Amino acid sequence: MSLLELRHLSKTYPGANGAVVHAVSDVSLSIAPGEVLGVVGESGCGKSTLGRSLLRLIEPSGGEIVFEGRDLTRLTRHQMKPVRRDLQVIFQDPFGSLNPRHTVGGIIGEPLEVHRVGTRGERKARVAELLKLVGLPEDAASRYPHEFSGGQRQRIAIARALALEPKLLVADEAVSALDVSIQSQIINLIADLQKRLNLSIMFISHDLSVIRHVSDRIAVMYLGRIVEIGPAEEIMTAPRHPYTQALLSAIPRPGVARAERIVLEGELPDPANPPAGCAFHTRCPHVTDVCHRVRPQLARPKTDDPASRSEVACHLYEAA
Ligand code: SF4
Ligand code: MG
């Protein structure tokens with residue numbers, strides 16, 4: 001059974017001159033308990049809006065967010081409060097999201113206070129436990145965020161996100177602001193905590209090389225829509241959508257020549273004015289006539305591989 005199921009989730013914004021910006025369009029996906037779903041796509045493709053909408057940090061414009069069998073879009077703010085314990089988020093900028101005037105202990109313990117969990121002493125003990133869990137020294141509790149490095153600050157943010165023992169964590173570009181060497185430490189920490197706590201995670205990143213190691217499945221987004229989704233292994237070894245192929249070709253891999261790199265022409269189109277048909281047609285190396293007119297649906301393609309589980313939205317493939 002799914003922990004979370006998004007059904008036809010959409011988010012539009014009013015744009016300039018009365019235009020409508022389609023940040024997220026008709027996204028349906030599910031996350032199982034203990035599963036990590038990687039969401040990848042260029043900056044501006046709607047992945048952050050997707051993550052924020054499913055947490056109801058912003059209100060979706062349409063669709064359903066079914067969490068443990070309940071549609072969260074129907075809940076009032078008051079009814080959402082207990083659900084918030086189960087849904088937590090870590091953002092890209094660990095400095096901006098930590099109050100510089102609060103001690104680290106105060107920051108990590110804040111969700112416990114807000115939700116009135118335990119006594120003062122119990123909360124203090126829980127903070128100490130969380131610091132240990134994320135690999136920070138116990139005396140960190142009485143210090144301030146500016147005394148820590150970027151990687152350590154992200155550990156603080158992770159400890160705070162885990163304080164209420166959430167079931168689902170949204171990690172939005174959680175390592176993008178960090179040096180590459182620190183990135184892998186934080187990715188390993190998240191992967192380790194995921195296993196120990198059997199967390200479900202939506203791991204959002206513009207960088208496929210970041211999410212490939214932690215994800216069970218990967219969803220590729222382009223201009224507000226999922227263009228391909230499937231088991232991480234299948235996406236990484238047999239990508240079908242030309243956009244996924246381009247993203248993948250940009251990652252240096254042993255045995256793959258640099259010359260095989262697919263360079264996409266042009267910029268991401270304006271989401272207030274998306275191209276007709278397949279939104280990727282303005283940049284696709286395989287574009288044909290039908291791509292300009294008909295939007296391809298996300299579907300399981302006909303394939304000789306009976307183990308294949310991925311879905312793709314592209315006219316190059318016939319639906320199974
Ligand atoms: Fe390219 Fe056409 Fe497939 Fe879109 S539908 S990705 S334009 S081949
Ligand atoms: Mg973003």
# chains A, B, ... in the order shown; residues from 1 in each chain; ligands from 1
call {"tool": "residues_near_ligand", "arguments": {"ligand": "ligand 2", "cutoff": "10 Å", "atoms": "only C-alpha atoms and all ligand atoms", "output": "JSON, numbers by chain"}}
result
{"A": [40, 41, 42, 43, 44, 45, 46, 47, 48, 49, 50, 51, 52, 91, 92, 172, 173, 176, 204, 205, 206]}
call {"tool": "write_last_selection", "arguments": {"atoms": "N, CA, C and O atoms", "output": "mmCIF file, in the first residue's frame"}}
result
data_model
loop_
_atom_site.group_PDB
_atom_site.id
_atom_site.type_symbol
_atom_site.label_atom_id
_atom_site.label_comp_id
_atom_site.auth_asym_id
_atom_site.auth_seq_id
_atom_site.Cartn_x
_atom_site.Cartn_y
_atom_site.Cartn_z
ATOM 1 N N VAL A 40 13.793 14.510 -10.335
ATOM 2 C CA VAL A 40 14.878 15.236 -10.987
ATOM 3 C C VAL A 40 14.345 16.056 -12.154
ATOM 4 O O VAL A 40 13.354 15.696 -12.784
ATOM 5 N N GLY A 41 15.019 17.163 -12.420
ATOM 6 C CA GLY A 41 14.670 18.019 -13.550
ATOM 7 C C GLY A 41 15.405 19.338 -13.391
ATOM 8 O O GLY A 41 15.906 19.644 -12.310
ATOM 9 N N GLU A 42 15.457 20.109 -14.477
ATOM 10 C CA GLU A 42 16.159 21.395 -14.418
ATOM 11 C C GLU A 42 15.466 22.349 -13.458
ATOM 12 O O GLU A 42 14.270 22.236 -13.207
ATOM 13 N N SER A 43 16.220 23.340 -13.009
ATOM 14 C CA SER A 43 15.654 24.385 -12.177
ATOM 15 C C SER A 43 14.490 25.043 -12.938
ATOM 16 O O SER A 43 14.608 25.329 -14.125
ATOM 17 N N GLY A 44 13.352 25.188 -12.264
ATOM 18 C CA GLY A 44 12.185 25.771 -12.917
ATOM 19 C C GLY A 44 11.225 24.751 -13.490
ATOM 20 O O GLY A 44 10.207 25.110 -14.082
ATOM 21 N N CYS A 45 11.508 23.448 -13.305
ATOM 22 C CA CYS A 45 10.643 22.416 -13.895
ATOM 23 C C CYS A 45 9.436 22.110 -13.009
ATOM 24 O O CYS A 45 8.578 21.320 -13.382
ATOM 25 N N GLY A 46 9.395 22.688 -11.818
ATOM 26 C CA GLY A 46 8.220 22.491 -10.953
ATOM 27 C C GLY A 46 8.445 21.516 -9.820
ATOM 28 O O GLY A 46 7.523 21.253 -9.039
ATOM 29 N N LYS A 47 9.662 20.993 -9.662
ATOM 30 C CA LYS A 47 9.848 19.966 -8.635
ATOM 31 C C LYS A 47 9.729 20.508 -7.213
ATOM 32 O O LYS A 47 9.151 19.855 -6.355
ATOM 33 N N SER A 48 10.225 21.728 -6.976
ATOM 34 C CA SER A 48 10.059 22.320 -5.638
ATOM 35 C C SER A 48 8.593 22.631 -5.371
ATOM 36 O O SER A 48 8.106 22.421 -4.260
ATOM 37 N N THR A 49 7.909 23.141 -6.383
ATOM 38 C CA THR A 49 6.483 23.429 -6.233
ATOM 39 C C THR A 49 5.725 22.136 -5.930
ATOM 40 O O THR A 49 4.824 22.119 -5.093
ATOM 41 N N LEU A 50 6.138 21.055 -6.558
ATOM 42 C CA LEU A 50 5.517 19.756 -6.292
ATOM 43 C C LEU A 50 5.713 19.371 -4.822
ATOM 44 O O LEU A 50 4.763 19.020 -4.122
ATOM 45 N N GLY A 51 6.967 19.464 -4.339
ATOM 46 C CA GLY A 51 7.272 19.109 -2.953
ATOM 47 C C GLY A 51 6.513 19.972 -1.962
ATOM 48 O O GLY A 51 5.955 19.483 -0.987
ATOM 49 N N ARG A 52 6.474 21.278 -2.226
ATOM 50 C CA ARG A 52 5.778 22.192 -1.322
ATOM 51 C C ARG A 52 4.271 22.007 -1.363
ATOM 52 O O ARG A 52 3.594 22.152 -0.335
ATOM 53 N N PHE A 91 15.348 21.886 3.426
ATOM 54 C CA PHE A 91 15.540 22.758 2.275
ATOM 55 C C PHE A 91 17.012 22.850 1.888
ATOM 56 O O PHE A 91 17.893 22.366 2.594
ATOM 57 N N GLN A 92 17.230 23.559 0.781
ATOM 58 C CA GLN A 92 18.580 23.701 0.246
ATOM 59 C C GLN A 92 19.500 24.485 1.173
ATOM 60 O O GLN A 92 20.630 24.091 1.423
ATOM 61 N N ASP A 172 14.436 18.888 -0.382
ATOM 62 C CA ASP A 172 14.420 19.718 -1.584
ATOM 63 C C ASP A 172 15.800 20.328 -1.808
ATOM 64 O O ASP A 172 16.165 21.279 -1.139
ATOM 65 N N GLU A 173 16.537 19.799 -2.756
ATOM 66 C CA GLU A 173 17.905 20.247 -3.054
ATOM 67 C C GLU A 173 18.725 20.292 -1.763
ATOM 68 O O GLU A 173 19.501 21.224 -1.530
ATOM 69 N N SER A 176 22.482 20.671 -2.426
ATOM 70 C CA SER A 176 22.932 21.477 -3.574
ATOM 71 C C SER A 176 23.834 22.634 -3.192
ATOM 72 O O SER A 176 24.655 23.075 -3.991
ATOM 73 N N ILE A 204 14.368 15.552 -3.904
ATOM 74 C CA ILE A 204 14.304 16.439 -5.063
ATOM 75 C C ILE A 204 15.684 17.001 -5.375
ATOM 76 O O ILE A 204 16.351 17.516 -4.485
ATOM 77 N N SER A 205 16.113 16.896 -6.628
ATOM 78 C CA SER A 205 17.395 17.491 -7.007
ATOM 79 C C SER A 205 17.440 17.753 -8.505
ATOM 80 O O SER A 205 16.825 17.045 -9.282
ATOM 81 N N HIS A 206 18.187 18.794 -8.893
ATOM 82 C CA HIS A 206 18.383 19.035 -10.326
ATOM 83 C C HIS A 206 19.476 18.097 -10.854
ATOM 84 O O HIS A 206 19.715 18.036 -12.044
#
call {"tool": "residues_near_ligand", "arguments": {"ligand": "ligand 1", "cutoff": "7 Å", "atoms": "only C-alpha atoms and all ligand atoms", "output": "PyMOL selection string"}}
result
chain A and resi 241-243+278-281+284-288+291+296+313-316
call {"tool": "select_by_dssp", "arguments": {"residues": "region 62-275 of chain A", "states": "helix (DSSP H, G or I)", "output": "count of residues only"}}
result
96
call {"tool": "closest_residue", "arguments": {"among": "A:Asp270, A:Val127, A:Glu64, A:Pro100", "to": "Leu223 (chain A)", "atoms": "only C-alpha atoms"}}
result
A:Asp270
call {"tool": "atom_distance", "arguments": {"atom1": "CA of Gly150 (chain A)", "atom2": "CA of Val175 (chain A)"}}
result
9.5 Å
call {"tool": "residues_around", "arguments": {"residues": "region 208-217 of chain A", "least_positions_apart": "4", "cutoff": "10 Å", "atoms": "only C-alpha atoms", "output": "VMD selection string"}}
result
chain A and resid 31 34 to 41 173 to 176 180 183 to 184 187 to 188 190 to 192 194 201 to 204 229 to 236 244 247 to 248 250 to 253 309 to 310
call {"tool": "closest_residue", "arguments": {"among": "A:Ala140, A:Val263, A:Arg240, A:Leu130", "to": "Arg300 (chain A)", "atoms": "only C-alpha atoms"}}
result
A:Arg240
call {"tool": "atom_distance", "arguments": {"atom1": "CA of Pro60 (chain A)", "atom2": "CA of Val24 (chain A)"}}
result
8.9 Å
call {"tool": "select_by_dssp", "arguments": {"residues": "region 216-305 of chain A", "states": "strand (DSSP E or B)", "output": "VMD selection string"}}
result
chain A and resid 217 to 222 225 to 231 299 301
call {"tool": "atom_distance", "arguments": {"atom1": "CA of Leu164 (chain A)", "atom2": "CA of Ile218 (chain A)"}}
result
26.7 Å
call {"tool": "residues_around", "arguments": {"residues": "Glu228 (chain A)", "least_positions_apart": "2", "cutoff": "6 Å", "atoms": "only C-alpha atoms", "output": "NGL selection string"}}
result
:A and (219-220 or 226 or 311-312)
call {"tool": "closest_atom_pairs", "arguments": {"of": "region 62-97 of chain A", "to": "region 3-20 of chain A", "cutoff": "12 Å", "atoms": "only C-alpha atoms", "output": "CSV"}}
result
residue,atom,partner,partner_atom,distance
A:Gly62,CA,A:Ser10,CA,5.0
A:Gly63,CA,A:Leu9,CA,4.2
A:Glu64,CA,A:Arg7,CA,5.0
A:Ile65,CA,A:Leu6,CA,4.8
A:Val66,CA,A:Glu5,CA,5.0
A:Phe67,CA,A:Leu4,CA,4.5
A:Glu68,CA,A:Leu3,CA,5.2
A:Gly69,CA,A:Leu3,CA,7.9
A:Arg70,CA,A:Leu4,CA,9.3
A:Asp71,CA,A:Glu5,CA,9.1
A:Leu72,CA,A:Leu6,CA,10.2
A:Thr73,CA,A:Leu9,CA,10.2
A:Asp86,CA,A:Leu3,CA,10.7
A:Leu87,CA,A:Leu4,CA,10.4
